[in-house]
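Visitor: Input structure: input08.cif, which contains mmCIF, C-alpha atoms.
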data_run
#
loop_
_atom_site.label_atom_id
_atom_site.label_comp_id
_atom_site.auth_asym_id
_atom_site.auth_seq_id
_atom_site.Cartn_x
_atom_site.Cartn_y
_atom_site.Cartn_z
CA MET D 1 114.21 161.98 100.67
CA LEU D 2 112.65 163.69 97.66
CA TRP D 3 112.40 160.78 95.21
CA ALA D 4 111.91 158.00 97.76
CA GLY D 5 109.40 160.00 99.77
CA LYS D 6 107.26 161.05 96.81
CA ILE D 7 107.11 157.55 95.36
CA PHE D 8 106.49 156.02 98.79
CA PHE D 9 103.54 158.24 99.63
CA VAL D 10 101.88 157.35 96.32
CA THR D 11 102.44 153.61 96.64
CA GLY D 12 101.73 153.77 100.36
CA ALA D 13 98.32 155.32 99.76
CA LEU D 14 97.53 152.64 97.17
CA LEU D 15 98.68 149.90 99.54
CA VAL D 16 96.58 151.22 102.43
CA LEU D 17 93.56 151.24 100.13
CA GLN D 18 94.33 147.72 98.90
CA SER D 19 94.80 146.45 102.47
CA ALA D 20 91.59 148.11 103.64
CA LEU D 21 89.61 146.53 100.81
CA ALA D 22 91.16 143.15 101.65
CA LEU D 23 90.11 143.55 105.28
CA PHE D 24 86.58 144.44 104.17
CA ASP D 25 86.52 141.30 102.01
CA GLY D 26 87.65 139.34 105.06
CA PHE D 27 84.66 140.55 107.07
CA ARG D 28 82.36 139.61 104.19
CA PHE D 29 83.93 136.14 104.08
CA LEU D 30 83.44 135.65 107.83
CA ALA D 31 79.83 136.80 107.58
CA LEU D 32 79.23 134.35 104.72
CA VAL D 33 80.72 131.48 106.71
CA ARG D 34 78.58 132.24 109.75
CA ARG D 35 75.42 132.63 107.68
CA ARG D 36 75.92 129.38 105.78
CA LEU D 37 76.86 127.40 108.88
CA ARG D 38 73.52 128.41 110.41
CA GLY D 39 71.63 127.46 107.25
CA THR D 40 68.87 124.86 107.18
CA PRO D 41 69.89 121.23 106.53
CA ALA D 42 69.99 120.19 102.88
CA THR D 43 67.32 117.91 101.44
CA TYR D 44 68.60 117.41 97.89
CA ALA D 45 70.66 114.22 97.94
CA PRO D 46 70.58 112.21 94.68
CA PHE D 47 72.83 109.22 94.15
CA ALA D 48 76.38 110.56 93.97
CA ALA D 49 79.76 109.13 93.04
CA VAL D 50 82.81 110.38 94.97
CA LEU D 51 86.10 110.02 93.06
CA ILE D 52 89.30 110.11 95.13
CA PRO D 53 92.70 109.83 93.39
CA CYS D 54 95.41 108.48 95.69
CA LYS D 55 99.20 108.52 95.57
CA GLY D 56 101.24 107.21 98.47
CA VAL D 57 100.21 107.04 102.11
CA ASP D 58 100.40 110.32 104.03
CA ALA D 59 99.70 110.98 107.69
CA GLY D 60 95.98 110.66 108.36
CA PHE D 61 95.40 108.39 105.34
CA ASP D 62 93.39 105.76 107.24
CA SER D 63 91.22 108.25 109.10
CA ASN D 64 90.48 110.15 105.91
CA VAL D 65 89.44 106.94 104.13
CA GLU D 66 87.05 106.24 107.00
CA ALA D 67 85.66 109.78 106.81
CA PHE D 68 84.84 109.37 103.13
CA LEU D 69 83.26 105.96 103.70
CA ASN D 70 81.09 107.21 106.56
CA GLN D 71 79.38 110.31 105.22
CA ASP D 72 75.90 111.22 106.47
CA TYR D 73 74.45 110.76 103.00
CA PRO D 74 71.64 108.37 102.01
CA ASN D 75 73.11 106.72 98.91
CA TYR D 76 76.51 107.20 97.32
CA GLN D 77 79.48 105.43 95.78
CA VAL D 78 83.18 105.95 96.50
CA VAL D 79 85.76 105.27 93.79
CA PHE D 80 89.40 105.24 94.93
CA ILE D 81 91.95 105.41 92.10
CA VAL D 82 95.69 104.68 92.09
CA ALA D 83 98.06 104.72 89.14
CA THR D 84 99.76 101.36 89.72
CA LEU D 85 99.60 98.23 91.84
CA GLU D 86 102.97 99.23 93.32
CA ASP D 87 101.55 102.37 94.91
CA PRO D 88 101.57 101.88 98.72
CA ALA D 89 98.00 103.19 98.80
CA TYR D 90 96.80 100.21 96.77
CA ASP D 91 97.46 97.57 99.45
CA LYS D 92 96.01 99.80 102.16
CA LEU D 93 92.83 100.43 100.22
CA ARG D 94 92.50 96.85 99.01
CA ALA D 95 92.71 95.53 102.57
CA ARG D 96 90.18 98.08 103.82
CA LEU D 97 87.65 97.42 101.06
CA ASP D 98 88.04 93.65 101.28
CA GLY D 99 87.48 93.90 105.02
CA ARG D 100 84.10 95.49 104.44
CA LEU D 101 82.91 92.30 102.69
CA THR D 102 83.75 89.78 105.43
CA SER D 103 80.44 90.24 107.26
CA GLY D 104 78.45 88.92 104.31
CA ILE D 105 76.30 92.06 104.32
CA ILE D 106 76.55 94.34 101.29
CA PRO D 107 78.26 97.42 102.70
CA LYS D 108 77.17 100.98 102.13
CA PRO D 109 78.36 103.09 100.52
CA GLN D 110 79.44 101.16 97.46
CA ALA D 111 83.21 101.30 97.03
CA LYS D 112 85.58 100.46 94.19
CA LEU D 113 89.34 100.50 93.75
CA VAL D 114 90.58 101.34 90.25
CA VAL D 115 94.12 101.00 88.88
CA ALA D 116 94.42 103.72 86.24
CA GLY D 117 97.83 103.05 84.73
CA ILE D 118 100.35 105.66 83.61
CA ALA D 119 99.57 108.43 81.14
CA GLU D 120 102.09 110.24 78.97
CA GLY D 121 100.27 113.41 77.99
CA ARG D 122 98.58 114.52 81.20
CA GLY D 123 99.08 114.62 84.95
CA GLU D 124 98.80 111.43 86.95
CA LYS D 125 96.01 112.79 89.13
CA VAL D 126 93.96 113.84 86.12
CA ASN D 127 94.56 110.47 84.46
CA ASN D 128 93.36 108.74 87.63
CA LEU D 129 90.19 110.79 87.54
CA CYS D 130 89.54 110.05 83.88
CA ARG D 131 89.89 106.31 84.51
CA GLY D 132 87.80 106.57 87.66
CA ILE D 133 84.94 108.17 85.72
CA GLU D 134 84.72 104.99 83.67
CA ALA D 135 84.04 102.99 86.85
CA VAL D 136 81.24 105.22 88.13
CA ASP D 137 77.81 103.66 88.46
CA GLN D 138 75.70 104.80 85.51
CA SER D 139 72.87 105.80 87.83
CA ALA D 140 75.00 108.46 89.55
CA GLU D 141 73.41 111.88 89.07
CA VAL D 142 76.25 113.83 90.66
CA LEU D 143 80.02 113.48 90.38
CA VAL D 144 82.07 114.58 93.38
CA PHE D 145 85.85 114.98 93.45
CA ALA D 146 87.98 114.89 96.58
CA ASP D 147 91.58 114.64 97.80
CA ILE D 148 92.66 111.88 100.14
CA ASP D 149 94.92 114.20 102.16
CA ALA D 150 91.98 116.30 103.37
CA THR D 151 89.58 115.39 106.17
CA PRO D 152 85.88 115.92 105.35
CA SER D 153 83.28 116.49 108.04
CA PRO D 154 80.41 113.95 108.28
CA ASP D 155 78.03 116.33 106.47
CA TRP D 156 80.57 117.37 103.82
CA LEU D 157 78.98 115.40 100.98
CA VAL D 158 75.39 116.47 101.60
CA ALA D 159 76.47 120.11 101.89
CA LEU D 160 78.52 119.94 98.69
CA VAL D 161 75.78 118.30 96.61
CA ALA D 162 72.88 120.41 97.92
CA PRO D 163 73.50 123.58 95.82
CA LEU D 164 73.15 121.54 92.62
CA ALA D 165 69.41 121.37 93.24
CA ASN D 166 69.49 124.80 91.61
CA HIS D 167 70.11 124.16 87.92
CA GLN D 168 71.58 127.64 87.49
CA ILE D 169 74.57 126.38 89.50
CA THR D 170 77.01 124.24 87.54
CA VAL D 171 79.67 123.43 90.14
CA SER D 172 79.72 123.65 93.92
CA THR D 173 83.09 123.82 95.61
CA GLY D 174 84.83 124.02 98.93
CA PHE D 175 88.52 124.60 99.52
CA ARG D 176 91.31 123.25 101.70
CA TRP D 177 91.98 124.94 105.01
CA TYR D 178 95.39 124.23 106.45
CA LEU D 179 95.33 123.98 110.21
CA PRO D 180 98.61 124.82 111.96
CA GLY D 181 100.70 121.95 113.25
CA GLU D 182 103.55 121.96 115.73
CA GLY D 183 106.35 123.24 113.51
CA PHE D 184 107.00 126.76 112.26
CA VAL D 185 106.74 125.71 108.60
CA SER D 186 103.35 124.08 109.21
CA ARG D 187 102.13 127.33 110.74
CA LEU D 188 103.57 129.32 107.86
CA ARG D 189 101.82 127.02 105.37
CA ALA D 190 98.53 127.67 107.16
CA ALA D 191 99.02 131.44 106.96
CA TRP D 192 100.04 131.27 103.28
CA ASP D 193 97.29 129.00 102.01
CA THR D 194 94.34 130.48 103.87
CA SER D 195 95.12 133.81 102.21
CA VAL D 196 94.00 132.06 99.00
CA ALA D 197 90.95 130.38 100.58
CA THR D 198 89.44 133.70 101.64
CA MET D 199 89.34 134.85 98.00
CA MET D 200 86.21 132.70 97.66
CA GLY D 201 82.78 134.19 98.30
CA GLU D 202 79.40 135.24 96.97
CA HIS D 203 80.61 136.54 93.61
CA ASP D 204 81.19 135.44 90.04
CA HIS D 205 84.94 134.94 90.39
CA ASN D 206 85.00 131.67 92.31
CA PHE D 207 87.14 128.84 90.99
CA ALA D 208 86.61 125.13 91.44
CA TRP D 209 89.00 123.35 93.80
CA GLY D 210 89.68 119.71 92.95
CA GLY D 211 89.78 118.48 96.53
CA SER D 212 86.14 119.37 97.18
CA MET D 213 83.94 119.97 94.13
CA ALA D 214 80.72 118.56 92.70
CA ILE D 215 78.96 118.74 89.33
CA ARG D 216 75.91 117.06 87.86
CA ALA D 217 77.00 114.05 85.79
CA ALA D 218 74.91 115.25 82.84
CA ASP D 219 76.71 118.61 82.80
CA PHE D 220 80.11 116.96 83.18
CA HIS D 221 79.56 114.82 80.10
CA LYS D 222 77.75 117.52 78.12
CA MET D 223 80.70 119.91 78.50
CA GLY D 224 83.14 117.13 77.57
CA ILE D 225 85.32 117.78 80.58
CA ALA D 226 87.09 114.40 80.59
CA LYS D 227 87.56 114.18 76.82
CA ARG D 228 88.28 117.81 76.06
CA TYR D 229 89.46 119.71 79.12
CA TRP D 230 91.23 116.90 81.00
CA ALA D 231 92.78 115.28 77.96
CA ASN D 232 96.14 117.10 78.23
CA THR D 233 96.40 118.89 81.56
CA VAL D 234 97.77 118.52 85.07
CA SER D 235 95.13 120.76 86.65
CA ASP D 236 91.75 119.14 87.17
CA ASP D 237 90.28 122.16 88.94
CA TYR D 238 91.51 124.99 86.70
CA ALA D 239 90.40 122.94 83.70
CA MET D 240 86.99 122.45 85.32
CA THR D 241 86.79 126.18 85.99
CA ARG D 242 87.67 126.95 82.37
CA ALA D 243 84.99 124.55 81.12
CA VAL D 244 82.33 126.16 83.30
CA ARG D 245 83.36 129.67 82.23
CA GLU D 246 83.24 128.78 78.53
CA ALA D 247 79.83 127.17 78.97
CA GLY D 248 78.48 130.25 80.74
CA GLY D 249 77.95 128.31 83.97
CA LYS D 250 78.27 129.30 87.61
CA ILE D 251 80.53 128.12 90.43
CA VAL D 252 79.24 128.51 93.97
CA PHE D 253 81.40 128.38 97.09
CA VAL D 254 80.14 126.27 100.01
CA PRO D 255 81.78 127.25 103.34
CA LYS D 256 80.62 124.02 104.99
CA CYS D 257 82.83 122.20 102.50
CA LEU D 258 86.09 123.72 103.65
CA VAL D 259 88.15 120.62 104.44
CA ALA D 260 90.84 120.45 107.07
CA SER D 261 94.42 119.64 106.10
CA ARG D 262 97.67 119.48 108.05
CA LYS D 263 101.22 119.02 106.88
CA GLU D 264 104.58 119.12 108.58
CA SER D 265 107.51 119.70 106.26
CA GLY D 266 110.82 121.45 105.88
CA LEU D 267 111.12 124.97 104.53
CA ARG D 268 112.51 123.78 101.18
CA GLU D 269 109.59 121.44 100.54
CA PHE D 270 107.14 124.16 101.56
CA LEU D 271 108.65 126.67 99.14
CA ARG D 272 108.59 124.12 96.32
CA TRP D 273 104.92 123.45 97.07
CA THR D 274 103.93 127.12 97.15
CA THR D 275 105.85 127.85 93.96
CA ARG D 276 104.17 124.90 92.22
CA GLN D 277 100.74 126.33 93.08
CA ILE D 278 101.65 129.65 91.46
CA ILE D 279 103.28 128.07 88.39
CA VAL D 280 100.05 126.15 87.79
CA THR D 281 98.11 129.38 88.25
CA ARG D 282 100.33 131.19 85.74
CA VAL D 283 99.75 128.55 83.05
CA TYR D 284 96.05 127.89 83.62
CA ALA D 285 94.84 131.27 84.93
CA ALA D 286 97.35 133.83 83.70
CA HIS D 287 95.15 136.79 84.62
CA LEU D 288 95.21 135.74 88.28
CA TRP D 289 99.00 135.44 88.13
CA ARG D 290 99.33 138.93 86.69
CA MET D 291 96.99 140.41 89.28
CA GLY D 292 98.79 138.65 92.12
CA LEU D 293 102.20 139.70 90.87
CA ALA D 294 101.10 143.35 90.71
CA ALA D 295 99.56 143.22 94.20
CA TYR D 296 102.60 141.67 95.90
CA LEU D 297 105.02 143.91 93.99
CA LEU D 298 103.09 146.90 95.33
CA TYR D 299 103.25 145.54 98.89
CA CYS D 300 106.93 144.63 98.95
CA SER D 301 108.21 147.61 96.96
CA THR D 302 106.30 149.98 99.24
CA PHE D 303 107.93 148.48 102.33
CA ILE D 304 111.36 148.66 100.72
CA LEU D 305 110.79 152.29 99.75
CA GLY D 306 109.55 153.03 103.25
CA ILE D 307 112.67 151.57 104.86
CA VAL D 308 114.85 153.56 102.43
CA ALA D 309 112.92 156.73 103.22
CA LEU D 310 113.30 156.17 106.96
CA ALA D 311 117.02 155.57 106.60
CA MET D 312 117.82 158.59 104.42
CA PRO D 313 119.66 161.36 106.29
CA SER D 314 117.59 163.99 104.51
CA ALA D 315 114.35 162.68 106.02
CA THR D 316 112.67 165.34 108.11
CA ALA D 317 111.04 165.02 111.51
CA TYR D 318 107.70 165.16 109.70
CA HIS D 319 108.45 162.55 107.06
CA ARG D 320 109.72 159.79 109.34
CA PRO D 321 106.60 159.55 111.53
CA ALA D 322 104.37 159.74 108.42
CA VAL D 323 106.26 156.91 106.71
CA ALA D 324 106.27 154.80 109.88
CA ALA D 325 102.54 155.41 110.39
CA ILE D 326 101.68 154.23 106.88
CA LEU D 327 103.75 151.06 107.27
CA LEU D 328 102.18 150.38 110.66
CA VAL D 329 98.66 150.85 109.29
CA VAL D 330 99.37 148.35 106.50
CA LEU D 331 100.74 145.81 109.00
CA LEU D 332 97.72 146.26 111.27
CA LEU D 333 95.27 145.87 108.39
CA GLY D 334 97.07 142.69 107.31
CA ALA D 335 97.03 141.35 110.86
CA GLY D 336 93.31 142.16 111.02
CA LYS D 337 92.67 140.07 107.92
CA GLY D 338 94.75 137.31 109.49
CA TYR D 339 92.71 137.49 112.69
CA ILE D 340 89.53 137.07 110.63
CA ARG D 341 91.02 133.82 109.32
CA THR D 342 91.56 132.77 112.92
CA ARG D 343 87.87 133.40 113.57
CA VAL D 344 86.89 131.42 110.46
CA ALA D 345 88.99 128.46 111.61
CA ARG D 346 87.26 128.51 115.00
CA GLU D 347 83.83 128.69 113.40
CA VAL D 348 84.37 125.90 110.87
CA PHE D 349 86.68 123.66 112.92
CA PRO D 350 85.66 124.28 116.55
CA MET D 351 87.62 121.26 117.80
CA GLU D 352 90.84 122.54 116.18
CA THR D 353 91.58 125.83 117.94
CA GLY D 354 95.28 125.41 118.77
CA GLY D 355 97.81 127.58 116.99
CA GLY D 356 95.22 129.80 115.30
CA SER D 357 97.23 132.91 116.14
CA CYS D 358 99.62 132.03 113.30
CA TYR D 359 97.12 133.36 110.76
CA TRP D 360 97.71 136.93 111.94
CA GLN D 361 101.14 136.63 113.56
CA LEU D 362 102.77 135.34 110.38
CA SER D 363 100.73 137.50 108.00
CA PRO D 364 103.66 139.97 107.43
CA LEU D 365 105.76 137.12 105.98
CA VAL D 366 103.18 135.89 103.49
CA PRO D 367 103.47 138.70 100.88
CA TRP D 368 107.26 138.23 100.64
CA ILE D 369 106.90 134.49 100.08
CA MET D 370 104.11 135.12 97.60
CA LEU D 371 106.22 137.60 95.65
CA ALA D 372 109.07 135.09 95.43
CA ASN D 373 106.60 132.44 94.22
CA PHE D 374 105.12 134.76 91.59
CA ILE D 375 108.53 135.87 90.31
CA VAL D 376 109.85 132.30 90.00
CA ALA D 377 106.63 131.30 88.21
CA GLY D 378 107.41 133.94 85.61
CA PHE D 379 110.58 132.11 84.56
CA THR D 380 109.66 128.43 84.59
CA ARG D 381 106.83 126.12 83.61
CA ARG D 382 108.25 123.02 85.26
CA ILE D 383 106.69 121.50 88.35
CA GLU D 384 107.13 118.32 90.35
CA TRP D 385 104.15 116.49 91.81
CA ARG D 386 104.83 113.47 94.01
CA GLY D 387 107.99 112.46 92.22
CA THR D 388 106.88 113.14 88.65
CA GLU D 389 108.24 116.20 86.87
CA TYR D 390 106.12 117.98 84.27
CA GLU D 391 106.61 120.84 81.85
CA LEU D 392 103.38 122.79 81.41
CA VAL D 393 103.74 123.82 77.78
CA SER D 394 100.27 125.39 77.60
CA GLN D 395 96.75 124.93 78.93
CA ASP D 396 96.34 122.01 76.53
CA GLN D 397 99.80 120.49 76.42
CA VAL D 398 101.86 118.77 79.10
CA ARG D 399 105.22 117.11 78.74
CA VAL D 400 106.31 114.45 81.26
CA ILE D 401 110.00 115.08 82.01
CA ARG D 402 110.61 112.48 84.70
CA LYS D 403 108.27 109.80 86.05
CA SER D 404 107.76 108.80 89.64
CA ALA D 405 109.52 105.67 90.81
CA ILE D 406 106.23 104.30 92.17
#
What would the structure in this file look like if it were written as structure tokens?
Guide:
Amino acid sequence: MLWAGKIFFVTGALLVLQSALALFDGFRFLALVRRRLRGTPATYAPFAAVLIPCKGVDAGFDSNVEAFLNQDYPNYQVVFIVATLEDPAYDKLRARLDGRLTSGIIPKPQAKLVVAGIAEGRGEKVNNLCRGIEAVDQSAEVLVFADIDATPSPDWLVALVAPLANHQITVSTGFRWYLPGEGFVSRLRAAWDTSVATMMGEHDHNFAWGGSMAIRAADFHKMGIAKRYWANTVSDDYAMTRAVREAGGKIVFVPKCLVASRKESGLREFLRWTTRQIIVTRVYAAHLWRMGLAAYLLYCSTFILGIVALAMPSATAYHRPAVAAILLVVLLLGAGKGYIRTRVAREVFPMETGGGSCYWQLSPLVPWIMLANFIVAGFTRRIEWRGTEYELVSQDQVRVIRKSAI
């Protein structure tokens, strides 16, 4: 018991402190969400262009297209971008946009469909965005970026653009919020991903998320984001974050712009997806990868040490209850943070309350999956995104290994 017990009580104390701080951050996040949801309606609404790269047709595609075309915003443009004419999304979008013209009345918002082509030295999504920028109306004062697999609320656009009235803010951003589906893996995905979402807040460490971010067009072009930062990357959002950091700008998180997502999948696909997120993080934000690796190593190694300490014959009647109490406290603190995420989901998505218990019930599994993701990310720089395989050589170099069949 001597070696395992001594090491455990040190790491256990650190883990309790880490878990308590995480719970405190969770309460701050919930308070921020509630405060911002009660905020006064935005009045700053200049002409904006919403760029949406598309690849394939996922569940909810049609309803999401409608949501983007029916925002409560006075004047905006929507630019949908696909890589090729063969992409199934092209025919769907072409039919929908052509249908808007049959009445003879010029529809609002303006909408365009752009075919970007295939790029060799950067990710397909980023290439779509770069080509989409070229189709934006020159009068657009704000550029907004979104993902087609997320469902925006009717006031998403006005809430996302509003902070840019303050010229000290460079980028406003939301984040995805996975709502649990019917299957276990869908619920596990929700628990895993919302642990990342609650890292956002009222601080200087926010990062832009490509599925819900806005920037003034003048700042976008002044910083050379398309020509410099997106020229050879697969990560539109980490590259945007890097550009803002180097320019001394500020990224503000907008809780109203959390966008709902759902996905049913098998465990293998889920693990590939989670690992891809962390590989991208390792290449484009190595400091976050190192911090995450240290945090999840502390969590998992402490639990392993605790189990070893409990199982050792030399453990005394005093040691076993103390070890068990520390492990229980850590689990309860983690479940508390998960319950806060349940409350956030109910506040932001009041019509989507089913299955919210997964955020706290599955919280003990998340650190183990995270640790596996972080360890794998330490040994490979290859990812696959929608059928195309990339090697992330560096922040400014991408090699396409295998192209998508579409």
Visitor: Residues at most 6 Å from D:Phe374, counting only C-alpha atoms, excluding those fewer than 3 positions away in the same chain, as a compact mmCIF listing (two decimals) with C-alpha atoms, in the frame of the given file?
Guide:
# COMPACT_ATOMS: atom_id res chain seq x y z
CA LEU D 293 102.20 139.70 90.87
CA LEU D 371 106.22 137.60 95.65
CA ALA D 377 106.63 131.30 88.21
Visitor: Restricting the calculation to only C-alpha atoms: of D:Gly266, D:Gly210, D:Gly378, D:Gly39, which residue gets closest to D:Met240?
Guide: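 Checking each of D:Gly266, D:Gly210, D:Gly378, D:Gly39 against D:Met240, counting only C-alpha atoms, the winner is D:Gly210.
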Visitor: Evaluating the PyMOL selection byres ((chain D and resi 44) around 12) on the displayed file yields which residues, as a list of chain:residue names?
Guide: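 For this structure, the PyMOL selection byres ((chain D and resi 44) around 12) resolves to D:Thr40, D:Pro41, D:Ala42, D:Thr43, D:Ala45, D:Pro46, D:Phe47, D:Ala48, D:Tyr73, D:Pro74, D:Asn75, D:Glu141, D:Val142, D:Leu157, D:Val158, D:Ala159, D:Leu160, D:Val161, D:Ala162, D:Pro163, D:Leu164, D:Ala165, D:Asn166.
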Visitor: Expand the PyMOL selection byres ((chain D and resi 207) around 8) into the explicit residue set it covers here, and present it as a list in words.
Guide: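 With the shown file as input, the PyMOL selection byres ((chain D and resi 207) around 8) matches Thr173, Met200, His205, Asn206, Ala208, Trp209, Asp237, Tyr238, Thr241 and Ile251 of chain D.
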Visitor: With only C-alpha atoms as the basis for distance, which of D:Val171, D:Met312, D:Val280, D:Ala226 is at the shortest distance from D:Lys250?
Guide: D:Val171
Visitor: Neighbouring residues of D:Ala49 were defined as those with any atom within 12 Å, considering only C-alpha atoms; residues of the same chain fewer than 2 positions away were excluded. Please report them as a ChimeraX atom specification.
Guide: /D:45-47,51-52,68-69,73,75-80,109-112,129,132-146,157,161,213-217
Visitor: Work out how far apart atom CA of D:Pro321 and atom CA of D:Gly336 are and give it in Å to one decimal.
Guide: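 Those two atoms sit 21.9 Å apart.
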Visitor: Pick the closest to D:Ile7 from D:Gly99, D:Gly183, D:Gly306, D:Gly201: which is it, counting only C-alpha atoms?
Guide: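 Closest to D:Ile7, using only C-alpha atoms: D:Gly306.
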Visitor: Let me make sure I understand: among D:Met199, D:Ser19, D:Asp62, D:Val308, which one has the smallest atom-to-atom distance to D:Val323 if we use only C-alpha atoms?
Guide: D:Val308
Visitor: Report, in Å to a single decimal, how far apart atom CA of D:Trp230 and atom CA of D:Gly248 are.
Guide: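 Taking atom CA of D:Gly248 and atom CA of D:Trp230, their separation equals 18.5 Å.
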Visitor: Of the residues D:Cys257, D:Leu85, D:Leu333, D:Ala345, which is the one nearest to D:Pro154, using only C-alpha atoms?
Guide: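 Once distances to D:Pro154 are computed over only C-alpha atoms, the minimum belongs to D:Cys257.
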Visitor: Which is closest to D:Val65 among D:Leu188, D:Ala311, D:Ile148, D:Ala83, if we use all atoms listed in the file?
Guide: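 With all atoms listed in the file as the atom set, the closest residue is D:Ile148.
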Visitor: Name the residues captured by the PyMOL selection byres ((chain D and resi 334) around 9) when it is applied to the shown file; answer as a list in words.
Guide: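 Checking the PyMOL selection byres ((chain D and resi 334) around 9) against this file, the residues are Ser19, Ala20, Ala22, Leu23, Val329, Val330, Leu331, Leu332, Leu333, Ala335, Gly336, Lys337, Gly338, Tyr339, Trp360, Ser363 and Pro364 of chain D.
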Visitor: At what distance in Å, to one decimal, does atom CA of D:Gln361 lie from atom CA of D:Val185?
Guide: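 Between atom CA of D:Val185 and atom CA of D:Gln361 the gap is 13.2 Å.
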